$ cat protein_13.csv   # CSV, C-alpha atoms and all ligand atoms
chain,number,residue,atom,x,y,z
A,1,MET,CA,-16.3,24.0,6.8
A,2,GLN,CA,-15.1,22.9,3.3
A,3,ALA,CA,-11.5,21.7,3.2
A,4,ILE,CA,-9.2,22.7,0.3
A,5,ILE,CA,-7.3,19.5,-0.3
A,6,GLU,CA,-4.3,20.3,-2.5
A,7,ASP,CA,-3.0,16.7,-2.7
A,8,ALA,CA,-5.5,14.7,-4.6
A,9,ARG,CA,-4.2,11.4,-3.1
A,10,LEU,CA,-5.7,12.6,0.2
A,11,LYS,CA,-9.3,13.0,-1.0
A,12,PRO,CA,-10.3,9.3,-0.5
A,13,ILE,CA,-8.7,9.5,2.9
A,14,LEU,CA,-10.8,12.5,3.8
A,15,GLU,CA,-13.9,10.7,2.8
A,16,LYS,CA,-13.0,7.8,5.1
A,17,VAL,CA,-12.2,10.2,7.9
A,18,GLN,CA,-15.5,12.0,7.5
A,19,ALA,CA,-17.4,8.7,7.5
A,20,GLY,CA,-15.5,7.5,10.6
A,21,GLU,CA,-13.9,4.6,8.7
A,22,ARG,CA,-10.6,2.9,9.6
A,23,LEU,CA,-7.6,3.9,7.6
A,24,SER,CA,-5.5,1.3,5.9
A,25,PHE,CA,-1.7,0.7,6.0
A,26,GLU,CA,-1.5,2.3,2.5
A,27,ASP,CA,-3.4,5.4,3.7
A,28,GLY,CA,-0.9,5.7,6.5
A,29,VAL,CA,2.0,5.7,4.1
A,30,THR,CA,0.2,8.3,1.9
A,31,LEU,CA,-0.3,10.5,4.9
A,32,TYR,CA,3.4,10.3,5.7
A,33,ARG,CA,4.5,11.0,2.1
A,34,SER,CA,2.1,13.9,1.3
A,35,GLY,CA,3.6,17.4,1.5
A,36,ASP,CA,0.1,18.8,2.1
A,37,ILE,CA,0.5,19.1,5.8
A,38,LEU,CA,-2.5,21.4,6.2
A,39,SER,CA,-4.8,18.8,4.8
A,40,VAL,CA,-3.3,16.1,6.9
A,41,GLY,CA,-3.7,18.4,9.9
A,42,TYR,CA,-7.3,19.3,9.0
A,43,MET,CA,-8.3,15.7,9.0
A,44,ALA,CA,-6.5,15.0,12.3
A,45,ASN,CA,-8.2,18.0,13.8
A,46,LEU,CA,-11.6,16.7,12.7
A,47,VAL,CA,-11.0,13.5,14.6
A,48,ARG,CA,-9.5,15.3,17.6
A,49,GLU,CA,-12.5,17.7,17.9
A,50,ARG,CA,-14.9,14.8,17.3
A,51,LEU,CA,-13.4,13.0,20.3
A,52,HIS,CA,-12.5,15.9,22.6
A,53,GLY,CA,-13.9,19.2,21.3
A,54,ASP,CA,-11.5,21.9,22.6
A,55,ARG,CA,-10.7,20.0,25.7
A,56,THR,CA,-6.9,19.8,26.2
A,57,TYR,CA,-5.4,17.8,29.0
A,58,PHE,CA,-2.3,18.2,31.2
A,59,ASN,CA,-1.2,17.0,34.5
A,60,VAL,CA,0.9,18.0,37.5
A,61,ASN,CA,3.5,15.3,37.6
A,62,ARG,CA,7.1,14.7,38.5
A,63,HIS,CA,9.6,12.4,36.7
A,64,ILE,CA,11.8,10.3,38.9
A,65,ASN,CA,14.7,8.3,37.3
A,66,PRO,CA,16.1,6.1,40.2
A,67,THR,CA,19.2,5.0,38.2
A,68,ASP,CA,20.9,5.7,34.8
A,69,VAL,CA,22.9,2.5,35.0
A,70,CYS,CA,21.9,0.3,32.1
A,71,VAL,CA,23.1,-3.0,30.7
A,72,ALA,CA,21.5,-2.4,27.3
A,73,SER,CA,23.8,0.3,25.6
A,74,CYS,CA,21.2,1.2,23.0
A,75,ARG,CA,22.6,3.4,20.3
A,76,LEU,CA,19.6,5.7,20.4
A,77,CYS,CA,20.1,6.6,24.1
A,78,ALA,CA,22.3,9.2,25.8
A,79,PHE,CA,20.9,8.5,29.3
A,80,GLY,CA,22.1,4.9,30.1
A,81,LYS,CA,25.6,4.5,31.6
A,82,ARG,CA,27.7,1.4,32.2
A,83,VAL,CA,27.8,0.4,35.9
A,84,ARG,CA,31.5,1.4,36.2
A,85,ASP,CA,31.0,4.8,34.5
A,86,PRO,CA,32.1,7.4,37.1
A,87,LYS,CA,29.2,9.6,35.8
A,88,ALA,CA,26.6,6.9,36.5
A,89,TYR,CA,24.3,7.3,39.5
A,90,THR,CA,21.9,5.1,41.4
A,91,MET,CA,19.7,6.6,44.1
A,92,SER,CA,19.3,4.9,47.5
A,93,LEU,CA,15.7,4.2,48.5
A,94,ASP,CA,15.8,7.2,50.9
A,95,GLU,CA,17.0,9.4,48.0
A,96,VAL,CA,14.1,8.3,45.8
A,97,TRP,CA,11.6,9.0,48.5
A,98,HIS,CA,13.3,12.3,49.3
A,99,ARG,CA,13.5,13.4,45.7
A,100,ALA,CA,9.8,12.6,45.2
A,101,GLY,CA,9.0,15.3,47.7
A,102,GLU,CA,11.2,17.9,46.1
A,103,GLY,CA,9.7,20.3,43.5
A,104,TRP,CA,7.3,23.0,44.3
A,105,SER,CA,4.2,23.5,46.3
A,106,GLU,CA,1.6,22.4,43.7
A,107,ALA,CA,0.4,19.0,44.8
A,108,ILE,CA,1.6,16.4,42.4
A,109,THR,CA,-0.9,13.8,41.1
A,110,GLU,CA,1.6,11.5,39.3
A,111,PHE,CA,5.1,10.2,39.7
A,112,HIS,CA,6.5,9.0,36.3
A,113,ILE,CA,9.2,6.5,37.3
A,114,VAL,CA,11.6,5.0,34.7
A,115,GLY,CA,15.2,4.1,34.8
A,116,GLY,CA,18.0,2.0,33.3
A,117,LEU,CA,18.3,-1.8,33.3
A,118,HIS,CA,20.4,-2.0,36.5
A,119,PRO,CA,22.3,-5.4,36.8
A,120,GLU,CA,22.0,-5.5,40.6
A,121,LEU,CA,18.7,-3.8,41.7
A,122,THR,CA,16.2,-6.5,42.5
A,123,LEU,CA,12.5,-6.8,42.0
A,124,ASP,CA,12.2,-6.6,45.8
A,125,TRP,CA,14.1,-3.3,45.8
A,126,TYR,CA,11.7,-1.8,43.3
A,127,CYS,CA,8.7,-3.1,45.3
A,128,GLU,CA,10.1,-1.5,48.4
A,129,MET,CA,10.6,1.7,46.5
A,130,LEU,CA,6.9,1.7,45.4
A,131,ARG,CA,5.7,0.8,48.9
A,132,GLY,CA,7.7,3.6,50.4
A,133,LEU,CA,6.3,6.1,47.9
A,134,LYS,CA,2.7,5.0,48.5
A,135,GLN,CA,3.2,5.3,52.2
A,136,ARG,CA,4.6,8.8,52.0
A,137,PHE,CA,2.4,10.0,49.1
A,138,PRO,CA,-0.7,7.9,49.2
A,139,GLN,CA,-2.7,10.1,46.9
A,140,VAL,CA,-0.1,10.1,44.1
A,141,HIS,CA,-0.6,7.8,41.1
A,142,LEU,CA,2.5,5.7,40.4
A,143,LYS,CA,3.1,5.4,36.6
A,144,ALA,CA,6.1,3.2,36.6
A,145,PHE,CA,8.5,1.1,34.5
A,146,THR,CA,8.5,0.6,30.8
A,147,MET,CA,7.7,-2.8,29.2
A,148,VAL,CA,11.4,-3.1,28.7
A,149,GLU,CA,12.1,-2.8,32.5
A,150,ILE,CA,9.3,-5.2,33.3
A,151,ALA,CA,10.7,-7.9,31.0
A,152,TYR,CA,14.2,-7.3,32.3
A,153,LEU,CA,13.1,-7.6,36.0
A,154,ALA,CA,11.2,-10.8,35.1
A,155,ARG,CA,14.2,-12.4,33.4
A,156,ARG,CA,16.5,-11.5,36.3
A,157,GLN,CA,14.1,-12.8,38.9
A,158,LYS,CA,13.5,-15.9,36.7
A,159,ILE,CA,9.7,-15.5,37.0
A,160,GLY,CA,7.1,-14.7,34.4
A,161,ILE,CA,6.0,-11.3,33.1
A,162,ARG,CA,2.6,-11.7,34.7
A,163,GLU,CA,4.0,-12.5,38.2
A,164,THR,CA,6.4,-9.6,37.9
A,165,LEU,CA,3.6,-7.2,37.1
A,166,GLU,CA,1.4,-8.6,39.9
A,167,LYS,CA,4.2,-8.1,42.5
A,168,LEU,CA,4.8,-4.5,41.3
A,169,ARG,CA,1.1,-3.8,41.2
A,170,ASP,CA,0.6,-5.2,44.7
A,171,ALA,CA,3.4,-3.0,45.9
A,172,GLY,CA,1.8,0.2,44.5
A,173,MET,CA,2.4,0.4,40.7
A,174,ASP,CA,-0.8,2.0,39.3
A,175,SER,CA,-0.1,2.0,35.6
A,176,LEU,CA,2.8,1.9,33.1
A,177,PRO,CA,4.3,4.6,30.9
A,178,GLY,CA,4.7,4.1,27.2
A,179,GLY,CA,8.5,4.2,26.7
A,180,GLY,CA,10.8,1.6,25.2
A,181,ALA,CA,8.6,0.7,22.2
A,182,GLU,CA,10.9,2.6,19.8
A,183,ILE,CA,10.1,1.1,16.4
A,184,PHE,CA,8.9,-2.5,16.1
A,185,SER,CA,10.7,-3.2,12.8
A,186,GLU,CA,13.4,-5.8,13.7
A,187,PRO,CA,16.1,-4.6,11.2
A,188,VAL,CA,15.8,-1.1,12.6
A,189,ARG,CA,15.7,-2.3,16.1
A,190,ARG,CA,18.9,-4.3,15.5
A,191,ILE,CA,20.7,-1.0,14.8
A,192,ILE,CA,19.2,1.4,17.3
A,193,CYS,CA,18.6,-0.8,20.3
A,194,ASP,CA,19.8,-4.3,19.7
A,195,HIS,CA,20.1,-5.4,23.4
A,196,LYS,CA,16.5,-4.6,24.1
A,197,ILE,CA,13.5,-6.9,24.0
A,198,ASP,CA,12.1,-7.2,20.5
A,199,GLY,CA,8.8,-5.6,19.3
A,200,ASN,CA,6.8,-8.8,19.9
A,201,GLU,CA,8.0,-9.0,23.5
A,202,TRP,CA,7.1,-5.3,24.1
A,203,LEU,CA,3.6,-5.9,22.8
A,204,GLU,CA,3.2,-9.2,24.7
A,205,THR,CA,4.2,-7.5,28.0
A,206,ALA,CA,1.7,-4.7,27.3
A,207,ARG,CA,-1.0,-7.3,26.6
A,208,ILE,CA,-0.4,-9.1,29.9
A,209,ALA,CA,-0.4,-5.7,31.8
A,210,HIS,CA,-3.7,-4.8,30.2
A,211,GLU,CA,-5.1,-8.3,31.0
A,212,LEU,CA,-4.3,-7.6,34.6
A,213,GLY,CA,-6.4,-4.5,34.5
A,214,LEU,CA,-3.3,-2.1,34.4
A,215,ARG,CA,-3.5,0.7,31.9
A,216,SER,CA,-0.5,1.9,30.0
A,217,ASN,CA,0.7,4.4,27.4
A,218,CYS,CA,2.5,3.6,24.2
A,219,THR,CA,5.1,5.5,22.2
A,220,MET,CA,7.0,5.4,18.9
A,221,LEU,CA,10.5,6.8,18.4
A,222,TYR,CA,10.9,8.4,14.9
A,223,GLY,CA,13.4,10.5,13.1
A,224,HIS,CA,16.4,8.1,13.1
A,225,ILE,CA,16.8,5.4,10.4
A,226,GLU,CA,13.3,4.2,10.1
A,227,ASN,CA,11.1,4.8,7.0
A,228,GLU,CA,7.4,5.6,6.4
A,229,GLU,CA,6.5,1.9,6.2
A,230,ASP,CA,8.2,1.1,9.6
A,231,ARG,CA,6.2,3.9,11.2
A,232,VAL,CA,2.9,2.8,9.8
A,233,ASP,CA,3.7,-0.8,10.7
A,234,HIS,CA,4.4,0.3,14.3
A,235,LEU,CA,1.1,2.2,14.5
A,236,VAL,CA,-0.9,-0.6,13.0
A,237,LYS,CA,0.6,-3.1,15.5
A,238,LEU,CA,-0.4,-0.8,18.4
A,239,ARG,CA,-3.9,-0.5,16.9
A,240,GLU,CA,-4.3,-4.2,16.6
A,241,LEU,CA,-3.3,-4.8,20.2
A,242,GLN,CA,-5.7,-2.0,21.3
A,243,ASP,CA,-8.5,-3.8,19.5
A,244,VAL,CA,-8.0,-6.8,21.7
A,245,THR,CA,-7.2,-5.2,25.1
A,246,GLY,CA,-8.4,-1.5,25.1
A,247,GLY,CA,-5.6,-0.9,27.6
A,248,PHE,CA,-3.7,1.9,26.0
A,249,VAL,CA,-4.7,5.4,27.2
A,250,THR,CA,-2.3,7.7,25.3
A,251,PHE,CA,0.0,7.5,22.4
A,252,ILE,CA,3.1,9.7,22.4
A,253,PRO,CA,5.2,10.1,19.3
A,254,LEU,CA,8.8,10.7,20.4
A,255,ALA,CA,11.3,12.5,18.2
A,256,PHE,CA,14.8,11.1,18.2
A,257,HIS,CA,17.3,13.5,19.9
A,258,PRO,CA,20.7,12.5,18.6
A,259,ASP,CA,23.2,14.5,20.7
A,260,ASN,CA,25.6,12.5,22.9
A,261,THR,CA,24.4,9.2,21.3
A,262,PRO,CA,26.4,7.0,18.9
A,263,LEU,CA,23.9,8.1,16.3
A,264,GLN,CA,24.7,11.8,16.6
A,265,HIS,CA,25.5,12.2,12.9
A,266,ILE,CA,21.7,11.9,12.3
A,267,PRO,CA,20.1,15.3,11.9
A,268,LYS,CA,17.4,16.4,14.4
A,269,THR,CA,13.8,16.1,13.3
A,270,THR,CA,12.1,19.2,11.8
A,271,GLY,CA,9.0,20.9,13.1
A,272,PHE,CA,7.2,19.6,10.0
A,273,ALA,CA,8.0,16.0,10.9
A,274,ASP,CA,7.0,16.5,14.5
A,275,ILE,CA,3.6,17.9,13.6
A,276,ARG,CA,3.1,15.3,10.9
A,277,ASN,CA,3.7,12.4,13.4
A,278,ILE,CA,1.1,13.8,15.7
A,279,ALA,CA,-1.4,14.1,12.9
A,280,VAL,CA,-0.8,10.7,11.4
A,281,ALA,CA,-1.0,9.1,14.8
A,282,ARG,CA,-4.4,10.7,15.5
A,283,LEU,CA,-5.7,9.5,12.1
A,284,MET,CA,-4.3,5.9,12.3
A,285,LEU,CA,-4.9,5.2,16.0
A,286,ASP,CA,-8.7,5.4,15.9
A,287,ASN,CA,-9.0,3.3,19.0
A,288,ILE,CA,-6.6,5.1,21.3
A,289,PRO,CA,-8.3,7.9,23.1
A,290,HIS,CA,-5.5,10.4,23.6
A,291,ILE,CA,-2.5,11.7,21.5
A,292,LYS,CA,0.1,13.6,23.5
A,293,ALA,CA,2.3,16.4,22.3
A,294,TYR,CA,5.2,16.0,24.8
A,295,TRP,CA,6.4,19.5,25.3
A,296,VAL,CA,9.8,18.5,26.6
A,297,MET,CA,10.6,16.7,23.3
A,298,MET,CA,8.7,19.0,20.9
A,299,THR,CA,9.3,22.4,22.7
A,300,PRO,CA,6.3,24.2,24.2
A,301,ARG,CA,6.0,26.2,20.9
A,302,ILE,CA,5.6,23.2,18.6
A,303,ALA,CA,3.5,21.4,21.2
A,304,GLN,CA,1.0,24.3,21.1
A,305,ILE,CA,0.7,24.0,17.3
A,306,ALA,CA,0.2,20.3,17.6
A,307,LEU,CA,-3.0,21.0,19.6
A,308,ARG,CA,-4.5,22.0,16.3
A,309,PHE,CA,-3.0,19.0,14.4
A,310,GLY,CA,-4.5,16.1,16.4
A,311,ALA,CA,-3.0,16.3,19.9
A,312,ASP,CA,-5.3,16.7,22.9
A,313,ASP,CA,-2.7,16.4,25.6
A,314,ILE,CA,0.5,18.4,26.3
A,315,ASP,CA,1.9,16.3,29.3
A,316,GLY,CA,2.7,17.8,32.6
A,317,THR,CA,4.9,19.9,34.9
A,318,VAL,CA,7.6,17.1,34.7
A,319,VAL,CA,9.9,19.0,37.2
A,320,GLU,CA,13.1,17.0,36.4
A,321,GLU,CA,13.8,15.4,33.0
A,322,LYS,CA,16.9,13.5,32.2
A,323,ILE,CA,16.4,11.3,29.2
A,324,TYR,CA,15.9,14.0,26.6
A,325,HIS,CA,18.2,16.5,28.3
A,326,ASP,CA,21.1,14.0,28.3
A,327,ALA,CA,20.4,13.8,24.5
A,328,GLY,CA,20.7,17.5,23.9
A,329,ALA,CA,17.1,18.8,24.6
A,330,THR,CA,17.2,22.6,25.0
A,331,THR,CA,13.8,22.9,26.6
A,332,SER,CA,13.3,23.7,30.2
A,333,GLN,CA,13.2,20.7,32.7
A,334,SER,CA,9.9,21.8,34.0
A,335,LEU,CA,6.9,24.0,33.4
A,336,ARG,CA,4.7,25.5,36.1
A,337,ARG,CA,1.0,24.6,36.0
A,338,SER,CA,0.1,28.2,35.2
A,339,GLU,CA,2.4,28.1,32.2
A,340,LEU,CA,0.7,24.9,30.9
A,341,LEU,CA,-2.7,26.7,31.3
A,342,ARG,CA,-1.4,29.7,29.3
A,343,LEU,CA,0.0,27.6,26.5
A,344,ILE,CA,-3.2,25.7,26.1
A,345,ARG,CA,-5.4,28.9,26.3
A,346,LYS,CA,-3.2,30.8,23.8
A,347,ALA,CA,-3.8,27.9,21.4
A,348,GLY,CA,-7.5,28.6,21.6
A,349,ARG,CA,-8.2,25.4,23.6
A,350,GLU,CA,-9.8,24.6,26.9
A,351,PRO,CA,-7.3,23.4,29.5
A,352,ILE,CA,-8.4,20.4,31.7
A,353,GLU,CA,-6.2,19.2,34.5
A,354,ARG,CA,-6.4,15.5,34.6
A,355,ASP,CA,-5.1,12.6,36.7
A,356,THR,CA,-3.1,9.8,34.9
A,357,LEU,CA,-6.3,8.1,33.9
A,358,TYR,CA,-7.9,11.3,32.5
A,359,ARG,CA,-10.3,12.0,35.3
A,360,PRO,CA,-10.7,15.8,35.9
A,361,VAL,CA,-8.8,17.2,38.9
A,362,GLN,CA,-10.0,20.1,41.0
A,363,ARG,CA,-7.3,21.8,43.1
A,364,THR,CA,-6.2,24.5,45.4
A,365,GLU,CA,-2.5,25.5,45.5
A,366,ALA,CA,-1.5,22.5,47.7
A,367,THR,CA,-4.3,20.0,47.6
A,368,PHE,CA,-6.3,18.3,44.9
A,369,THR,CA,-9.4,16.2,44.4
A,370,VAL,CA,-9.9,13.7,41.6
A,371,LEU,CA,-13.5,13.9,40.3
A,372,VAL,CA,-14.7,10.3,39.8
A,401,LIG,O1,11.8,4.9,26.4
A,401,LIG,C1,15.5,7.5,24.7
A,401,LIG,C2,13.0,7.5,24.3
A,401,LIG,C3,11.6,7.3,26.1
A,401,LIG,C4,16.1,9.0,23.4
A,401,LIG,O2,4.1,7.4,29.0
A,401,LIG,C5,14.8,8.9,23.4
A,401,LIG,O3,3.3,9.4,29.5
A,401,LIG,C6,14.7,10.5,21.8
A,401,LIG,O4,8.7,7.2,27.1
A,401,LIG,N1,16.0,10.7,21.8
A,401,LIG,C7,11.3,7.9,27.4
A,401,LIG,N2,14.0,9.6,22.6
A,401,LIG,C8,10.2,9.0,27.3
A,401,LIG,C9,8.9,8.3,27.4
A,401,LIG,C10,7.7,9.2,27.8
A,401,LIG,C11,7.8,10.5,27.8
A,401,LIG,C12,6.7,11.3,28.3
A,401,LIG,C13,5.6,10.7,28.6
A,401,LIG,C14,5.5,9.3,28.6
A,401,LIG,C15,4.2,8.7,29.0
A,401,LIG,C16,6.5,8.5,28.2
A,401,LIG,O5,12.4,8.2,25.3
A,401,LIG,C17,12.5,6.1,26.0
A,401,LIG,C18,12.9,6.0,24.6
A,401,LIG,O6,11.9,5.5,23.8
A,401,LIG,N3,14.4,7.9,24.2
A,401,LIG,N4,16.6,8.1,24.3
A,401,LIG,C19,16.8,9.9,22.6
A,401,LIG,N5,18.1,10.1,22.5

$ encode --input "protein_13.csv" --output "structure tokens"
Amino acid sequence: MQAIIEDARLKPILEKVQAGERLSFEDGVTLYRSGDILSVGYMANLVRERLHGDRTYFNVNRHINPTDVCVASCRLCAFGKRVRDPKAYTMSLDEVWHRAGEGWSEAITEFHIVGGLHPELTLDWYCEMLRGLKQRFPQVHLKAFTMVEIAYLARRQKIGIRETLEKLRDAGMDSLPGGGAEIFSEPVRRIICDHKIDGNEWLETARIAHELGLRSNCTMLYGHIENEEDRVDHLVKLRELQDVTGGFVTFIPLAFHPDNTPLQHIPKTTGFADIRNIAVARLMLDNIPHIKAYWVMMTPRIAQIALRFGADDIDGTVVEEKIYHDAGATTSQSLRRSELLRLIRKAGREPIERDTLYRPVQRTEATFTVLV
């Protein structure tokens, strides 16, 4: 098919995409500044279909947030609470294990576990939590703790990142989610999340995790005070680390939700921006296999469109989501497996249930087998 490229600045980029060449920093900025979203999307879809054809991935997962107590007080966040906040919660280990079993009958293949930086919960507590989950749900993959939580636990325990990761891995952590990366630009970080580890520490923690053989995801938070260069810089830094480790599985662009945060004067992102971030990510991150359109954050409607603009994954059933809903998300907290199948099929794509590492899953209503 011949593309009609309205924005002439995109023509040299199309040539590179057709030749399978790597895009430069400047190309990334051009893609962000062009109003010709259909051409940007056409190019992203070329790459998406070259890699995955019509295959579109989802999983049957459950989020667990053991605590919302957080010492960081990031301005971007509506989830974290001070330890003395009467609305704050911290689950007991029994509550975590019990909560994990709640949901519905469809056998879950992944627990996605993240929480605040709690000033008292110890590394041993988290290891005990993981061991308890593995004992009760041995077949479920534990995707747990952002790089920010890992670095915080290491600092509190006064041990290295590597040792912290090893202890958690030995207790049952199978991989790590992609959160906490936000935007690596230091001036931006100082405003939106000044108490968090800096961008280099986030990347260094990911590098060590990958060296230990752990896979992780990666994210970028957009739609606050960052500019196009900050976004491209973030994507290029992820791409550079991936060239070295190959450990990132999926990239998830995360739209900033301002409600109930100290930055609530910032307007919400538009559908145009959400779609563009998916497309630019697919084009710039030539070495990261999957781009996820996280339906909780984008809405199922926009996530469906994103499947034609570079995304090949729509995330999972989720069951209980707090981080985005505390920040004003109006989407449902969960989607049934059948609804995910419908969304993907109605977008003209082929749904594939995957496990966390993208191996196909075959299932009956209450059991599943991972095809290796
Ligand atoms: O780490 C926090 C971001 C992340 C807000 O790895 C906010 O598969 C928008 O990382 N508005 C959590 N974003 C979500 C996340 C994630 C989600 C789905 C799948 C995966 C994966 C990872 O959300 C946080 C932070 O970066 N966040 N507050 C907010 N107000």

$ residues_near_ligand --input "protein_13.csv" --ligand "ligand LIG 401 (chain A)" --cutoff "6 Å" --atoms "only C-alpha atoms and all ligand atoms" --output "list in words"
Leu76, Cys77, Ala78, Pro177, Gly178, Gly179, Gly180, Glu182, Asn217, Leu221, Leu254, Ala255, Phe256, His257, Pro258, Ile323, Tyr324 and Ala327 of chain A

$ atom_distance --input "protein_13.csv" --atom1 "atom CA of Lys268 of chain A" --atom2 "atom CA of Phe25 of chain A"
26.1 Å

$ residues_around --input "protein_13.csv" --residues "Ala329 of chain A" --least-positions-apart "6" --cutoff "10 Å" --atoms "only C-alpha atoms" --output "PyMOL selection string"
chain A and resi 257-259+296-299+321-323

$ write_last_selection --input "protein_13.csv" --atoms "C-alpha atoms" --output "tab-separated table (two decimals), keeping the file's coordinate frame"
chain	number	residue	atom	x	y	z
A	257	HIS	CA	17.30	13.50	19.90
A	258	PRO	CA	20.70	12.50	18.60
A	259	ASP	CA	23.20	14.50	20.70
A	296	VAL	CA	9.80	18.50	26.60
A	297	MET	CA	10.60	16.70	23.30
A	298	MET	CA	8.70	19.00	20.90
A	299	THR	CA	9.30	22.40	22.70
A	321	GLU	CA	13.80	15.40	33.00
A	322	LYS	CA	16.90	13.50	32.20
A	323	ILE	CA	16.40	11.30	29.20

$ residues_around --input "protein_13.csv" --residues "Val318 of chain A" --least-positions-apart "5" --cutoff "8 Å" --atoms "only C-alpha atoms" --output "MDAnalysis selection string"
chainID A and resid 60:63 333:335

$ atom_distance --input "protein_13.csv" --atom1 "atom CA of Thr109 of chain A" --atom2 "atom CA of Arg48 of chain A"
25.1 Å

$ atom_distance --input "protein_13.csv" --atom1 "atom CA of Leu165 of chain A" --atom2 "atom CA of Met129 of chain A"
14.7 Å

$ residues_around --input "protein_13.csv" --residues "Asp36 of chain A" --least-positions-apart "3" --cutoff "7 Å" --atoms "only C-alpha atoms" --output "PyMOL selection string"
chain A and resi 6-7+39-40

$ closest_residue --input "protein_13.csv" --among "A:Arg169, A:Arg239, A:His325, A:Lys346" --to "Arg215 of chain A" --atoms "all atoms listed in the file"
A:Arg169

$ residues_around --input "protein_13.csv" --residues "segment 358-362 of chain A" --least-positions-apart "5" --cutoff "8 Å" --atoms "all atoms listed in the file" --output "JSON, numbers by chain"
{"A": [57, 352, 353, 368, 369, 370, 371, 372]}

$ build_atoms --input "protein_13.csv" --residues "segment 226-239 of chain A" --atoms "N, CA, C and O atoms" --output "tab-separated table (two decimals), keeping the file's coordinate frame"
chain	number	residue	atom	x	y	z
A	226	GLU	N	14.48	4.91	10.52
A	226	GLU	CA	13.30	4.20	10.10
A	226	GLU	C	12.68	4.90	8.83
A	226	GLU	O	13.00	6.05	8.54
A	227	ASN	N	11.82	4.17	8.10
A	227	ASN	CA	11.10	4.80	7.00
A	227	ASN	C	9.64	4.87	7.23
A	227	ASN	O	9.17	4.46	8.30
A	228	GLU	N	8.89	5.35	6.24
A	228	GLU	CA	7.40	5.60	6.40
A	228	GLU	C	6.74	4.24	6.75
A	228	GLU	O	5.87	4.17	7.61
A	229	GLU	N	7.14	3.18	6.03
A	229	GLU	CA	6.50	1.90	6.20
A	229	GLU	C	6.72	1.37	7.68
A	229	GLU	O	5.82	0.79	8.29
A	230	ASP	N	7.93	1.58	8.17
A	230	ASP	CA	8.20	1.10	9.60
A	230	ASP	C	7.31	1.85	10.54
A	230	ASP	O	6.82	1.25	11.51
A	231	ARG	N	7.10	3.14	10.30
A	231	ARG	CA	6.20	3.90	11.20
A	231	ARG	C	4.81	3.43	11.15
A	231	ARG	O	4.16	3.22	12.18
A	232	VAL	N	4.31	3.21	9.93
A	232	VAL	CA	2.90	2.80	9.80
A	232	VAL	C	2.74	1.38	10.39
A	232	VAL	O	1.76	1.10	11.10
A	233	ASP	N	3.72	0.52	10.14
A	233	ASP	CA	3.70	-0.80	10.70
A	233	ASP	C	3.58	-0.77	12.24
A	233	ASP	O	2.80	-1.48	12.87
A	234	HIS	N	4.36	0.13	12.83
A	234	HIS	CA	4.40	0.30	14.30
A	234	HIS	C	2.97	0.73	14.77
A	234	HIS	O	2.40	0.15	15.71
A	235	LEU	N	2.40	1.73	14.09
A	235	LEU	CA	1.10	2.20	14.50
A	235	LEU	C	0.01	1.15	14.35
A	235	LEU	O	-0.86	0.99	15.22
A	236	VAL	N	0.09	0.39	13.25
A	236	VAL	CA	-0.90	-0.60	13.00
A	236	VAL	C	-0.82	-1.74	14.09
A	236	VAL	O	-1.84	-2.25	14.59
A	237	LYS	N	0.42	-2.07	14.49
A	237	LYS	CA	0.60	-3.10	15.50
A	237	LYS	C	-0.02	-2.63	16.87
A	237	LYS	O	-0.65	-3.41	17.59
A	238	LEU	N	0.19	-1.37	17.18
A	238	LEU	CA	-0.40	-0.80	18.40
A	238	LEU	C	-1.95	-0.87	18.31
A	238	LEU	O	-2.65	-1.24	19.25
A	239	ARG	N	-2.45	-0.49	17.14
A	239	ARG	CA	-3.90	-0.50	16.90
A	239	ARG	C	-4.50	-1.87	17.06
A	239	ARG	O	-5.57	-2.05	17.65
